[in-house]
Each structure stands twice: as structure tokens, then as C-alpha cells.
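All remarks here apply to the structure that follows.
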Amino acid sequence: MVPADAALGMPGADDPVILDDIARSVGRDLPLVREALAAIAAKSGGAFAGMDRDAREALVNDWYAGGGAPAIALGRVIVGAYYRDDRVLQALGHEARAPFPKGYVLEQGDWSLLDVVRSRKPFWRDDRVTPAGER
């Protein structure tokens, strides 16, 4: 899903370090990822690994558009691991570090856009309070 780009110094998502991170972080998405991989294998007639890069990319792009929850889960797992890789962060001009404790400076937006939300009556259940007469 993410090819290497030597000119930019970017590894592909098929890099062994990134693949290891994908395998370690799949977690609750494992059933959907398995479903996605099975769908891709079926769409290729079981020949996905033997296809050239352009054919694989075209097949995945075609499948991804209608792949539903399995496609989303596969993309989330791959992209999440990819953008955690130090080499990718550095190639994008970021420090290869966690955001905490140093943090990152964010451009300030227009906080007044939240006024509409703040003025709404709450429409969610608040577990911090107990209705009168209970417990």
C-alpha cells in the first residue's frame, strides 16, 4: 500500500522493520485484516505475490474502493505502523521521537468555531452524576 521512494529516502511499508511493527500492532483488527488479505488473494486468483508492482497496485486500488471495513482496518494498521517508523518521520522533516514530553507546537486555530458546540444542551449520558432516587 505504501511503496518505497529512494529519491525521498522513504522505505516502503514492505520494509522488514515496518512489517514487524504491523504484525505486532494489528491487535483487535486481526479478523478484518485477515478478511482483507483473503479478499485480495481471491481477487488476484491466488497470484498476488507473483504480480508486478503496477498490477498489484491496480488490483489493491480497485479492491480498496469497495473493500469496506476490512479495507479500512488494513489501511489503518499499515499506515499507523508506517508513520511510526523513524526513517519515515525523518524523511518528512520531523524529529524521530514521541510527542511527549517535549510536545509539538501547533498552529492555533479559531476557537470560536466551538462556541456552537459549547452552547448545545448535552445529549450524552453523564456517568459522573446519578439521577435522583437511584443508589
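By convention here, the chains of the C-alpha cells are called A, B, ... in the order presented, each chain's residues are numbered starting at 1, and ligands are numbered starting at 1 in the order presented.
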
Query raised in the report: Neighbours of A:Ile18 within 9 Å (only C-alpha atoms; same-chain residues fewer than 4 positions away dropped), as JSON, numbers by chain?
Result: {"A": [11, 12, 13, 14, 22, 23, 78, 81, 82, 84, 85]}

Using only C-alpha atoms, which residues sit within 10 Å of stretch 25-27 of chain A once same-chain residues fewer than 6 positions away are excluded, as a PDB file with C-alpha atoms, in the first residue's frame?
ATOM      1  CA  LEU A  19       6.265  -5.243   8.587  1.00  0.00           C
ATOM      2  CA  VAL A  33      -7.045  -7.757   8.240  1.00  0.00           C
ATOM      3  CA  ALA A  73      -8.675  -1.868   9.003  1.00  0.00           C
ATOM      4  CA  LEU A  74      -5.859  -2.956   6.681  1.00  0.00           C
ATOM      5  CA  ARG A  76      -5.189   1.791   9.365  1.00  0.00           C
ATOM      6  CA  VAL A  77      -2.748  -0.892  10.508  1.00  0.00           C
ATOM      7  CA  ILE A  78      -0.336  -0.319   7.628  1.00  0.00           C
ATOM      8  CA  GLY A  80      -0.157   3.580  11.521  1.00  0.00           C
ATOM      9  CA  ALA A  81       2.978   1.441  11.553  1.00  0.00           C
TER      10      ALA A  81
END

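The gap separating atom CA of A:Gly9 from atom CA of A:Glu95 is 15.0 Å, in Å to one decimal.
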
Query - Who sits within 10 Å of stretch 55-59 of chain A, only C-alpha atoms, same chain under 5 positions skipped, as a VMD selection string - result: chain A and resid 1 to 3 40 43 to 44 47 to 50 64

Requested in this report: Would you list the contacts of A:Glu35 as JSON, numbers by chain, taking every protein, DNA or RNA residue within 9 Å and counting only C-alpha atoms, but skipping same-chain residues closer than 5 positions in sequence?
Outcome: {"A": [30, 40, 70, 71]}

Report summary line: From the list A:Ala36, A:Asp86, A:Val129, A:Trp124, the nearest residue to A:Gly68 using only C-alpha atoms is A:Ala36
